[in-house]
$ cat work33.csv   # CSV, C-alpha atoms
chain,number,residue,atom,x,y,z
A,1,MET,CA,-141.7,-60.2,33.2
A,2,ASN,CA,-138.3,-60.9,31.5
A,3,THR,CA,-137.6,-58.1,29.0
A,4,LYS,CA,-133.9,-59.1,28.3
A,5,LYS,CA,-132.9,-59.6,24.7
A,6,ASN,CA,-131.2,-63.0,24.1
A,7,ILE,CA,-127.9,-62.8,22.3
A,8,ALA,CA,-125.6,-65.7,21.2
A,9,ILE,CA,-121.9,-65.5,20.4
A,10,LEU,CA,-120.3,-68.4,18.3
A,11,ILE,CA,-116.6,-69.0,19.0
A,12,GLY,CA,-114.2,-71.8,18.5
A,13,ASP,CA,-113.2,-72.6,22.1
A,14,ILE,CA,-114.0,-70.3,25.0
A,15,SER,CA,-111.6,-72.2,27.2
A,16,GLU,CA,-108.6,-71.1,25.2
A,17,SER,CA,-106.4,-68.1,26.2
A,18,ALA,CA,-106.0,-66.1,23.0
A,19,GLY,CA,-107.1,-62.6,22.1
A,20,THR,CA,-110.5,-63.6,20.5
A,21,GLU,CA,-111.4,-65.5,23.6
A,22,ARG,CA,-110.5,-62.4,25.7
A,23,ALA,CA,-112.5,-60.1,23.5
A,24,VAL,CA,-115.6,-62.4,23.5
A,25,THR,CA,-115.4,-62.7,27.3
A,26,ASN,CA,-115.2,-58.9,27.7
A,27,LEU,CA,-118.1,-58.4,25.3
A,28,SER,CA,-120.2,-61.0,27.1
A,29,ASN,CA,-119.5,-59.4,30.5
A,30,ILE,CA,-120.5,-55.9,29.1
A,31,LEU,CA,-123.8,-57.2,27.7
A,32,GLN,CA,-124.7,-59.4,30.7
A,33,ASN,CA,-123.7,-56.7,33.3
A,34,SER,CA,-125.9,-54.1,31.5
A,35,GLY,CA,-129.0,-56.0,32.6
A,36,LYS,CA,-130.4,-55.6,29.1
A,37,TYR,CA,-129.2,-58.9,27.6
A,38,GLN,CA,-129.0,-62.6,28.3
A,39,VAL,CA,-125.8,-63.9,26.7
A,40,VAL,CA,-125.3,-67.5,25.4
A,41,ILE,CA,-121.8,-68.5,24.3
A,42,ILE,CA,-121.8,-71.3,21.8
A,43,SER,CA,-118.3,-72.9,22.0
A,44,HIS,CA,-117.7,-75.2,19.0
A,45,TYR,CA,-114.8,-77.4,20.2
A,46,SER,CA,-114.8,-77.3,24.0
A,47,GLU,CA,-116.2,-80.1,26.1
A,48,ASN,CA,-118.7,-80.1,28.9
A,49,GLY,CA,-116.8,-79.3,32.1
A,50,ASN,CA,-114.4,-76.9,30.4
A,51,THR,CA,-114.4,-73.4,31.9
A,52,CYS,CA,-113.8,-70.0,30.4
A,53,TYR,CA,-110.1,-69.1,30.7
A,54,TYR,CA,-110.9,-65.5,31.6
A,55,PRO,CA,-113.3,-64.2,34.3
A,56,LEU,CA,-116.8,-64.4,33.1
A,57,ASN,CA,-120.1,-63.3,34.6
A,58,SER,CA,-121.7,-66.4,36.1
A,59,ASP,CA,-125.1,-65.6,34.5
A,60,VAL,CA,-123.6,-66.1,31.0
A,61,ILE,CA,-124.7,-69.4,29.6
A,62,ILE,CA,-122.0,-71.6,27.8
A,63,GLU,CA,-123.1,-74.3,25.4
A,64,HIS,CA,-120.2,-76.7,24.7
A,65,LEU,CA,-120.8,-78.4,21.3
A,66,GLU,CA,-117.9,-80.9,21.7
A,67,MET,CA,-117.3,-81.0,17.9
A,68,GLN,CA,-113.6,-81.7,17.6
A,69,ASN,CA,-112.4,-82.2,14.1
A,70,LYS,CA,-109.3,-83.6,12.3
A,71,GLY,CA,-108.6,-80.7,9.9
A,72,LEU,CA,-110.3,-78.6,7.3
A,73,PHE,CA,-111.9,-81.5,5.4
A,74,ASP,CA,-113.5,-82.9,8.6
A,75,ARG,CA,-114.7,-79.5,9.6
A,76,LEU,CA,-116.3,-78.9,6.2
A,77,LYS,CA,-117.9,-82.4,6.4
A,78,LYS,CA,-119.5,-81.4,9.8
A,79,SER,CA,-120.6,-78.0,8.7
A,80,LYS,CA,-124.3,-79.0,8.3
A,81,LEU,CA,-124.3,-80.6,11.7
A,82,LEU,CA,-122.8,-77.4,13.2
A,83,LEU,CA,-125.6,-75.3,11.5
A,84,ARG,CA,-128.2,-77.7,12.8
A,85,LYS,CA,-126.9,-77.4,16.4
A,86,ILE,CA,-126.8,-73.6,16.1
A,87,GLU,CA,-130.4,-73.5,14.9
A,88,GLU,CA,-131.5,-75.8,17.7
A,89,LEU,CA,-129.9,-73.5,20.3
A,90,CYS,CA,-131.3,-70.4,18.7
A,91,LYS,CA,-134.8,-71.9,19.1
A,92,ARG,CA,-134.2,-73.2,22.6
A,93,TYR,CA,-133.0,-69.8,23.9
A,94,GLN,CA,-135.1,-67.7,21.6
A,95,ILE,CA,-132.0,-65.9,20.3
A,96,GLU,CA,-132.6,-62.6,18.6
A,97,ILE,CA,-129.1,-61.7,17.6
A,98,LEU,CA,-126.3,-64.1,16.7
A,99,ILE,CA,-122.6,-63.0,16.5
A,100,GLY,CA,-119.9,-64.9,14.6
A,101,THR,CA,-116.2,-64.4,15.6
A,102,THR,CA,-114.2,-65.5,12.6
A,103,HIS,CA,-114.5,-65.4,8.8
A,104,GLY,CA,-115.2,-69.2,8.9
A,105,TYR,CA,-118.1,-68.9,11.3
A,106,ASN,CA,-119.4,-65.7,9.7
A,107,ILE,CA,-119.6,-67.5,6.3
A,108,GLN,CA,-121.5,-70.3,8.1
A,109,LEU,CA,-124.0,-67.9,9.7
A,110,SER,CA,-124.9,-66.4,6.4
A,111,LYS,CA,-126.7,-69.8,5.6
A,112,LEU,CA,-129.0,-69.6,8.6
A,113,VAL,CA,-132.6,-68.8,7.8
A,114,GLY,CA,-135.3,-67.3,10.1
A,115,ASN,CA,-135.7,-64.1,12.1
A,116,VAL,CA,-132.4,-64.2,13.9
A,117,LYS,CA,-130.2,-61.1,13.2
A,118,LYS,CA,-126.7,-62.2,12.1
A,119,ILE,CA,-123.6,-60.2,12.8
A,120,GLY,CA,-120.2,-61.2,11.4
A,121,CYS,CA,-117.5,-59.9,13.7
A,122,GLU,CA,-113.9,-59.9,12.4
A,123,HIS,CA,-111.0,-60.4,14.8
A,124,ILE,CA,-108.2,-60.5,12.2
A,125,ASN,CA,-107.4,-58.0,9.3
A,126,TYR,CA,-109.1,-58.7,6.0
A,127,ASP,CA,-106.0,-59.7,4.0
A,128,SER,CA,-104.7,-62.3,6.5
A,129,ALA,CA,-107.6,-64.7,5.7
A,130,PRO,CA,-106.9,-67.4,3.1
A,131,LEU,CA,-107.8,-66.7,-0.5
A,132,TYR,CA,-110.8,-69.1,-0.5
A,133,SER,CA,-112.3,-67.2,2.5
A,134,ARG,CA,-111.9,-63.9,0.8
A,135,VAL,CA,-113.8,-65.2,-2.2
A,136,LEU,CA,-116.5,-66.8,0.0
A,137,ARG,CA,-116.8,-63.6,2.0
A,138,LYS,CA,-117.9,-61.7,-1.1
A,139,LEU,CA,-120.5,-64.3,-1.8
A,140,THR,CA,-121.9,-64.7,1.7
A,141,TYR,CA,-121.4,-61.5,3.7
A,142,PRO,CA,-124.0,-59.5,1.9
A,143,LYS,CA,-126.5,-62.0,3.4
A,144,LEU,CA,-125.5,-61.0,7.0
A,145,ASP,CA,-127.4,-58.2,8.8
A,146,ALA,CA,-124.2,-56.5,9.9
A,147,VAL,CA,-120.4,-56.8,9.7
A,148,VAL,CA,-118.3,-55.4,12.6
A,149,CYS,CA,-114.6,-54.6,12.0
A,150,LEU,CA,-112.1,-53.5,14.6
A,151,THR,CA,-110.5,-50.6,12.7
A,152,GLN,CA,-111.7,-48.0,10.1
A,153,LYS,CA,-108.9,-49.0,7.7
A,154,ASP,CA,-110.0,-52.6,7.7
A,155,SER,CA,-113.6,-51.7,7.3
A,156,GLU,CA,-112.9,-50.2,3.9
A,157,LYS,CA,-112.2,-53.6,2.6
A,158,TYR,CA,-115.8,-54.6,3.2
A,159,ARG,CA,-117.5,-52.1,0.9
A,160,PHE,CA,-119.0,-55.0,-1.1
A,161,VAL,CA,-121.3,-55.7,1.9
A,162,GLY,CA,-122.9,-52.3,1.7
A,163,ASN,CA,-121.9,-49.2,3.6
A,164,ASN,CA,-125.0,-49.2,5.8
A,165,LYS,CA,-124.2,-52.7,7.1
A,166,VAL,CA,-120.5,-52.2,8.1
A,167,PHE,CA,-119.6,-50.9,11.5
A,168,VAL,CA,-116.4,-50.2,13.3
A,169,ILE,CA,-116.3,-51.3,17.0
A,170,PRO,CA,-112.9,-51.8,18.6
A,171,ASN,CA,-112.3,-54.3,21.4
A,172,SER,CA,-112.8,-53.1,24.9
A,173,LEU,CA,-110.5,-53.0,27.9
A,174,SER,CA,-110.3,-56.2,29.9
A,175,PHE,CA,-110.0,-54.6,33.3
A,176,ALA,CA,-109.8,-51.3,35.1
A,177,VAL,CA,-106.6,-50.0,36.7
A,178,GLU,CA,-106.7,-47.5,39.5
A,179,SER,CA,-103.0,-46.8,39.7
A,180,PRO,CA,-100.7,-47.2,36.7
A,181,ALA,CA,-97.4,-49.1,36.7
A,182,LYS,CA,-94.6,-47.3,38.5
A,183,LEU,CA,-92.2,-48.0,35.5
A,184,GLU,CA,-89.2,-48.5,37.8
A,185,ASN,CA,-88.6,-52.2,37.3
A,186,LYS,CA,-86.1,-53.0,34.6
A,187,LYS,CA,-88.5,-55.4,32.8
A,188,ILE,CA,-89.8,-55.5,29.3
A,189,ILE,CA,-93.0,-57.5,28.7
A,190,ALA,CA,-94.4,-59.2,25.6
A,191,VAL,CA,-97.6,-61.3,25.5
A,192,GLY,CA,-99.1,-63.5,22.8
A,193,ARG,CA,-99.2,-66.9,21.2
A,194,LEU,CA,-95.9,-68.3,20.0
A,195,THR,CA,-96.7,-68.3,16.3
A,196,LYS,CA,-95.2,-66.9,13.2
A,197,GLN,CA,-97.9,-64.2,13.1
A,198,LYS,CA,-96.7,-62.7,16.4
A,199,GLY,CA,-93.1,-62.2,15.1
A,200,TRP,CA,-91.3,-63.1,18.3
A,201,ASP,CA,-88.3,-64.1,16.1
A,202,TYR,CA,-87.9,-60.4,15.4
A,203,LEU,CA,-88.0,-59.6,19.1
A,204,VAL,CA,-85.4,-62.3,19.9
A,205,ALA,CA,-83.2,-60.8,17.1
A,206,ALA,CA,-83.6,-57.3,18.6
A,207,ALA,CA,-82.8,-58.6,22.1
A,208,SER,CA,-79.1,-58.9,21.3
A,209,LYS,CA,-78.9,-55.2,20.5
A,210,ILE,CA,-81.1,-54.2,23.4
A,211,LYS,CA,-78.9,-56.2,25.8
A,212,GLU,CA,-75.8,-54.4,24.7
A,213,SER,CA,-77.3,-51.0,25.8
A,214,LEU,CA,-79.4,-52.3,28.7
A,215,PRO,CA,-77.5,-55.3,30.2
A,216,ASP,CA,-79.4,-55.0,33.5
A,217,TRP,CA,-82.9,-55.2,32.0
A,218,HIS,CA,-84.8,-58.4,31.1
A,219,ILE,CA,-87.4,-59.4,28.5
A,220,ASP,CA,-90.3,-61.7,29.5
A,221,ILE,CA,-92.5,-63.3,26.7
A,222,PHE,CA,-95.8,-64.8,28.0
A,223,GLY,CA,-97.2,-67.3,25.7
A,224,CYS,CA,-97.2,-70.8,24.3
A,225,GLY,CA,-97.5,-72.3,20.8
A,226,GLU,CA,-95.8,-74.2,18.0
A,227,GLU,CA,-92.9,-71.9,17.6
A,228,GLU,CA,-91.6,-72.3,21.2
A,229,GLU,CA,-88.8,-74.7,20.4
A,230,ASN,CA,-87.6,-72.6,17.5
A,231,LEU,CA,-87.6,-69.5,19.7
A,232,LEU,CA,-85.7,-71.2,22.5
A,233,MET,CA,-83.1,-72.3,20.0
A,234,GLN,CA,-82.8,-68.8,18.6
A,235,ILE,CA,-82.5,-67.4,22.1
A,236,LYS,CA,-79.7,-69.8,22.9
A,237,ASN,CA,-77.9,-69.2,19.6
A,238,ASN,CA,-78.0,-65.4,20.2
A,239,HIS,CA,-76.6,-65.8,23.7
A,240,THR,CA,-79.6,-64.1,25.2
A,241,ASP,CA,-80.9,-67.1,27.3
A,242,ASP,CA,-80.0,-65.0,30.4
A,243,TYR,CA,-81.9,-62.0,29.0
A,244,VAL,CA,-85.0,-63.4,27.3
A,245,SER,CA,-87.4,-65.8,29.1
A,246,ILE,CA,-90.5,-67.5,27.7
A,247,ARG,CA,-93.1,-67.9,30.4
A,248,SER,CA,-96.4,-69.7,30.5
A,249,PRO,CA,-99.6,-67.7,29.8
A,250,THR,CA,-101.3,-66.3,33.0
A,251,PRO,CA,-104.9,-65.3,33.6
A,252,ASP,CA,-103.6,-62.5,35.8
A,253,ILE,CA,-101.6,-60.6,33.1
A,254,LYS,CA,-102.5,-57.3,34.7
A,255,LYS,CA,-100.2,-58.1,37.7
A,256,GLU,CA,-97.3,-58.9,35.3
A,257,MET,CA,-97.9,-55.7,33.3
A,258,LEU,CA,-98.0,-53.5,36.4
A,259,ASP,CA,-94.7,-55.1,37.4
A,260,SER,CA,-93.1,-54.1,34.1
A,261,SER,CA,-91.9,-50.9,32.5
A,262,ILE,CA,-92.3,-51.3,28.7
A,263,MET,CA,-94.6,-53.3,26.5
A,264,VAL,CA,-93.4,-54.6,23.1
A,265,GLU,CA,-95.2,-56.1,20.1
A,266,THR,CA,-93.6,-57.5,16.9
A,267,SER,CA,-96.5,-58.9,15.0
A,268,ARG,CA,-96.4,-59.4,11.2
A,269,TRP,CA,-100.2,-58.8,11.1
A,270,GLU,CA,-103.0,-58.3,13.6
A,271,GLY,CA,-106.7,-57.6,14.0
A,272,PHE,CA,-106.7,-55.4,17.1
A,273,PRO,CA,-104.2,-56.6,19.7
A,274,MET,CA,-105.9,-57.0,23.1
A,275,VAL,CA,-102.5,-57.1,24.9
A,276,LEU,CA,-101.6,-53.6,23.7
A,277,LEU,CA,-104.9,-52.3,25.1
A,278,GLU,CA,-104.3,-54.0,28.4
A,279,ALA,CA,-100.7,-52.7,28.6
A,280,GLN,CA,-102.0,-49.2,27.8
A,281,ALA,CA,-104.5,-49.5,30.6
A,282,CYS,CA,-101.7,-50.4,32.9
A,283,GLY,CA,-99.8,-47.2,31.9
A,284,LEU,CA,-97.0,-48.8,30.0
A,285,PRO,CA,-95.1,-47.1,27.2
A,286,LEU,CA,-95.6,-49.2,24.0
A,287,VAL,CA,-93.2,-50.1,21.2
A,288,GLY,CA,-94.8,-52.0,18.3
A,289,PHE,CA,-94.6,-52.8,14.6
A,290,ASP,CA,-96.9,-50.8,12.4
A,291,CYS,CA,-98.5,-54.0,11.0
A,292,PRO,CA,-101.9,-54.3,9.4
A,293,GLU,CA,-104.1,-53.6,11.3
A,294,GLY,CA,-104.6,-52.3,14.8
A,295,PRO,CA,-101.4,-51.1,16.5
A,296,ALA,CA,-101.7,-47.7,14.8
A,297,ASP,CA,-105.2,-47.3,16.3
A,298,ILE,CA,-103.7,-47.8,19.8
A,299,ILE,CA,-100.2,-46.4,19.7
A,300,ARG,CA,-99.9,-42.7,19.1
A,301,ASN,CA,-96.3,-42.5,17.8
A,302,GLY,CA,-94.1,-40.4,19.9
A,303,GLU,CA,-96.8,-39.8,22.5
A,304,CYS,CA,-97.4,-43.1,24.3
A,305,GLY,CA,-94.7,-45.0,22.6
A,306,TYR,CA,-93.3,-45.7,19.1
A,307,LEU,CA,-94.6,-47.4,15.9
A,308,VAL,CA,-91.8,-49.0,13.9
A,309,PRO,CA,-92.0,-50.4,10.3
A,310,VAL,CA,-92.5,-54.2,10.3
A,311,GLY,CA,-89.2,-56.0,10.4
A,312,ASN,CA,-87.0,-53.0,11.2
A,313,ILE,CA,-85.2,-54.7,14.0
A,314,GLY,CA,-82.6,-51.9,14.4
A,315,LYS,CA,-85.1,-49.1,14.8
A,316,PHE,CA,-87.2,-51.2,17.1
A,317,ALA,CA,-84.3,-51.9,19.4
A,318,ASP,CA,-83.3,-48.2,19.4
A,319,CYS,CA,-86.9,-47.2,20.4
A,320,VAL,CA,-86.9,-49.7,23.3
A,321,VAL,CA,-83.4,-48.4,24.5
A,322,LYS,CA,-84.5,-44.8,24.2
A,323,ILE,CA,-87.5,-45.3,26.5
A,324,ALA,CA,-85.7,-47.6,28.9
A,325,SER,CA,-82.8,-45.1,29.3
A,326,ASP,CA,-84.9,-42.1,30.1
A,327,LEU,CA,-87.1,-42.4,33.2
A,328,GLN,CA,-88.7,-39.0,32.6
A,329,LEU,CA,-89.7,-40.0,29.1
A,330,ARG,CA,-90.9,-43.4,30.2
A,331,LYS,CA,-93.2,-41.9,32.8
A,332,LYS,CA,-94.5,-39.2,30.4
A,333,MET,CA,-95.3,-41.9,27.8
A,334,GLY,CA,-96.8,-44.1,30.5
A,335,GLN,CA,-99.2,-41.4,31.7
A,336,SER,CA,-100.2,-40.8,28.1
A,337,SER,CA,-100.9,-44.5,27.7
A,338,PHE,CA,-103.0,-44.5,30.8
A,339,GLU,CA,-105.2,-41.6,29.6
A,340,LEU,CA,-105.5,-42.9,26.0
A,341,ALA,CA,-106.7,-46.3,27.2
A,342,LYS,CA,-110.0,-44.7,28.4
A,343,ARG,CA,-111.1,-44.5,24.8
A,344,PHE,CA,-111.7,-48.3,25.0
A,345,SER,CA,-113.5,-48.5,28.3
A,346,SER,CA,-116.4,-50.9,28.6
A,347,GLU,CA,-118.8,-48.0,28.8
A,348,ASN,CA,-117.6,-46.4,25.5
A,349,ILE,CA,-117.4,-49.7,23.6
A,350,GLY,CA,-120.6,-51.1,25.1
A,351,SER,CA,-122.6,-48.1,23.9
A,352,LYS,CA,-121.5,-48.8,20.3
A,353,TRP,CA,-122.8,-52.4,20.6
A,354,PHE,CA,-126.0,-51.3,22.2
A,355,GLU,CA,-126.7,-48.8,19.3
A,356,LEU,CA,-126.0,-51.5,16.7
A,357,PHE,CA,-128.3,-54.0,18.5
A,358,ASP,CA,-131.1,-51.4,18.8
A,359,SER,CA,-130.9,-50.6,15.1
A,360,LEU,CA,-131.1,-54.2,14.1
A,361,LEU,CA,-134.0,-55.1,16.4
A,362,GLU,CA,-135.9,-52.1,15.3
A,363,SER,CA,-135.8,-53.3,11.7
A,364,LYS,CA,-137.3,-56.7,12.5
$ encode --input "work33.csv" --output "structure tokens"
Amino acid sequence: MNTKKNIAILIGDISESAGTERAVTNLSNILQNSGKYQVVIISHYSENGNTCYYPLNSDVIIEHLEMQNKGLFDRLKKSKLLLRKIEELCKRYQIEILIGTTHGYNIQLSKLVGNVKKIGCEHINYDSAPLYSRVLRKLTYPKLDAVVCLTQKDSEKYRFVGNNKVFVIPNSLSFAVESPAKLENKKIIAVGRLTKQKGWDYLVAAASKIKESLPDWHIDIFGCGEEEENLLMQIKNNHTDDYVSIRSPTPDIKKEMLDSSIMVETSRWEGFPMVLLEAQACGLPLVGFDCPEGPADIIRNGECGYLVPVGNIGKFADCVVKIASDLQLRKKMGQSSFELAKRFSSENIGSKWFELFDSLLESK
């Protein structure tokens, strides 16, 4: 007799390589591997034949809705069709819990009727959503059964939902690392989409100062996106094209991190940056902007790296140089990172999700 609970996760495109896709893949693996749940990923835009970018348990079911749109207006026009497709899949798979992954999907899920328990999961900080979404959240989120935030600080913005319905569950580690990075290679790594949000223009600006003190080091940025041409031009104009490289995303980022000695992050805003967790698991010292929200929950300032005020390029460069110039400090911070990462193990994070699911299903 099959006693597994059926859970669905709604996402934009599971074949993409960004942080939300990584977090959803990790959560799906945790749930499926537990033996307690059957996971169905509902992928809004992807097409049949597309595959998950990150390693995914083969027993996880993926439903590709193939609903491409031509902008916000077209998406709104198709919103009823999306809801109908979700309802059909919930009936087909007898879904008991349905999880949304962005404010847009969470707002949509609030319109669903029936016995399915609806969880709105946030992957960005509250204030980075557009104004219209913030207004709609207040109208629709109280209709959800639970809202999951990535940080305690961000969860405080959701008091309008009701304290008993807001939960804090960080993202989990993507992989386990037996032996941390040796931290002997003169390589600085950065990972993320090439967008304004990620603030790589700050990193490229800081690279000039870092190069002056560390001419034999190198910075690798792994990512792609609409800002690539602008960044390449900035790198060239700053005369750091021999020092900063933009490299294509890789599904084996662990290998690149283990081959590096410092991880840097320069985001203007975040939700809960997966790449910082992954770098921490690899035992890398971290230097990041103290942007809202997330980095401060991962980086313990002065212990496993440094937190720097957003946009303070001079201080950021100084912190990178300080770590790079002192192997003993680098190894001390790297070991601290490696130990601190255990807070976000799949076992620890999985138990929080299991508790939430149990409480929701008991109230049916």
$ residues_around --input "work33.csv" --residues "segment 132-140 of chain A" --least-positions-apart "3" --cutoff "7 Å" --atoms "all atoms listed in the file" --output "list in words"
His103, Ile107, Ser110, Ala129, Lys143 and Phe160 of chain A
$ residues_around --input "work33.csv" --residues "segment 175-178 of chain A" --least-positions-apart "2" --cutoff "8 Å" --atoms "only C-alpha atoms" --output "PyMOL selection string"
chain A and resi 173+180+278+281-282
$ atom_distance --input "work33.csv" --atom1 "atom CA of Leu356 of chain A" --atom2 "atom CA of Gln38 of chain A"
16.3 Å
$ closest_residue --input "work33.csv" --among "A:Pro215, A:Pro309, A:Gly302, A:Gly294" --to "Leu329 of chain A" --atoms "all atoms listed in the file"
A:Gly302
$ closest_atom_pairs --input "work33.csv" --of "segment 108-130 of chain A" --to "segment 93-97 of chain A" --cutoff "9 Å" --atoms "only C-alpha atoms" --output "JSON lines"
{"residue": "A:Asn115", "atom": "CA", "partner": "A:Glu96", "partner_atom": "CA", "distance": 7.4}
{"residue": "A:Val116", "atom": "CA", "partner": "A:Glu96", "partner_atom": "CA", "distance": 5.0}
{"residue": "A:Lys117", "atom": "CA", "partner": "A:Ile97", "partner_atom": "CA", "distance": 4.6}
{"residue": "A:Lys118", "atom": "CA", "partner": "A:Ile97", "partner_atom": "CA", "distance": 6.0}
{"residue": "A:Ile119", "atom": "CA", "partner": "A:Ile97", "partner_atom": "CA", "distance": 7.5}
$ residues_around --input "work33.csv" --residues "Met257 of chain A" --least-positions-apart "3" --cutoff "8 Å" --atoms "only C-alpha atoms" --output "PyMOL selection string"
chain A and resi 181+189+253-254+260-261+263+279+282+284
$ write_last_selection --input "work33.csv" --atoms "C-alpha atoms" --output "mmCIF file, in the frame of the given file"
data_model
loop_
_atom_site.group_PDB
_atom_site.id
_atom_site.type_symbol
_atom_site.label_atom_id
_atom_site.label_comp_id
_atom_site.auth_asym_id
_atom_site.auth_seq_id
_atom_site.Cartn_x
_atom_site.Cartn_y
_atom_site.Cartn_z
ATOM 1 C CA ALA A 181 -97.400 -49.100 36.700
ATOM 2 C CA ILE A 189 -93.000 -57.500 28.700
ATOM 3 C CA ILE A 253 -101.600 -60.600 33.100
ATOM 4 C CA LYS A 254 -102.500 -57.300 34.700
ATOM 5 C CA SER A 260 -93.100 -54.100 34.100
ATOM 6 C CA SER A 261 -91.900 -50.900 32.500
ATOM 7 C CA MET A 263 -94.600 -53.300 26.500
ATOM 8 C CA ALA A 279 -100.700 -52.700 28.600
ATOM 9 C CA CYS A 282 -101.700 -50.400 32.900
ATOM 10 C CA LEU A 284 -97.000 -48.800 30.000
#
$ closest_residue --input "work33.csv" --among "A:Val264, A:Ile14, A:Met274, A:Ala190" --to "Tyr54 of chain A" --atoms "only C-alpha atoms"
A:Ile14
$ residues_near_point --input "work33.csv" --point "(-94.2, -55.0, 14.2)" --cutoff "8 Å" --atoms "only C-alpha atoms" --output "ChimeraX atom specification"
/A:199,265-269,288-291,307-311
$ residues_around --input "work33.csv" --residues "Ser128 of chain A" --least-positions-apart "3" --cutoff "9 Å" --atoms "only C-alpha atoms" --output "list in words"
Ile124, Asn125, Leu131, Trp269, Glu270 and Pro292 of chain A
$ residues_around --input "work33.csv" --residues "Val148 of chain A" --least-positions-apart "5" --cutoff "9 Å" --atoms "only C-alpha atoms" --output "PyMOL selection string"
chain A and resi 119-122+155+165-170
$ closest_residue --input "work33.csv" --among "A:Ser363, A:Asn312, A:Pro273, A:Ser346" --to "Thr151 of chain A" --atoms "only C-alpha atoms"
A:Pro273
$ atom_distance --input "work33.csv" --atom1 "atom CA of Asn6 of chain A" --atom2 "atom CA of Phe354 of chain A"
12.9 Å
$ closest_residue --input "work33.csv" --among "A:Thr20, A:Gln152, A:Asn57, A:Asn237" --to "Ala296 of chain A" --atoms "all atoms listed in the file"
A:Gln152
$ atom_distance --input "work33.csv" --atom1 "atom CA of Ser325 of chain A" --atom2 "atom CA of Tyr202 of chain A"
21.3 Å
$ closest_residue --input "work33.csv" --among "A:Asp201, A:Asp297, A:Glu184, A:Glu156" --to "Ile313 of chain A" --atoms "all atoms listed in the file"
A:Asp201
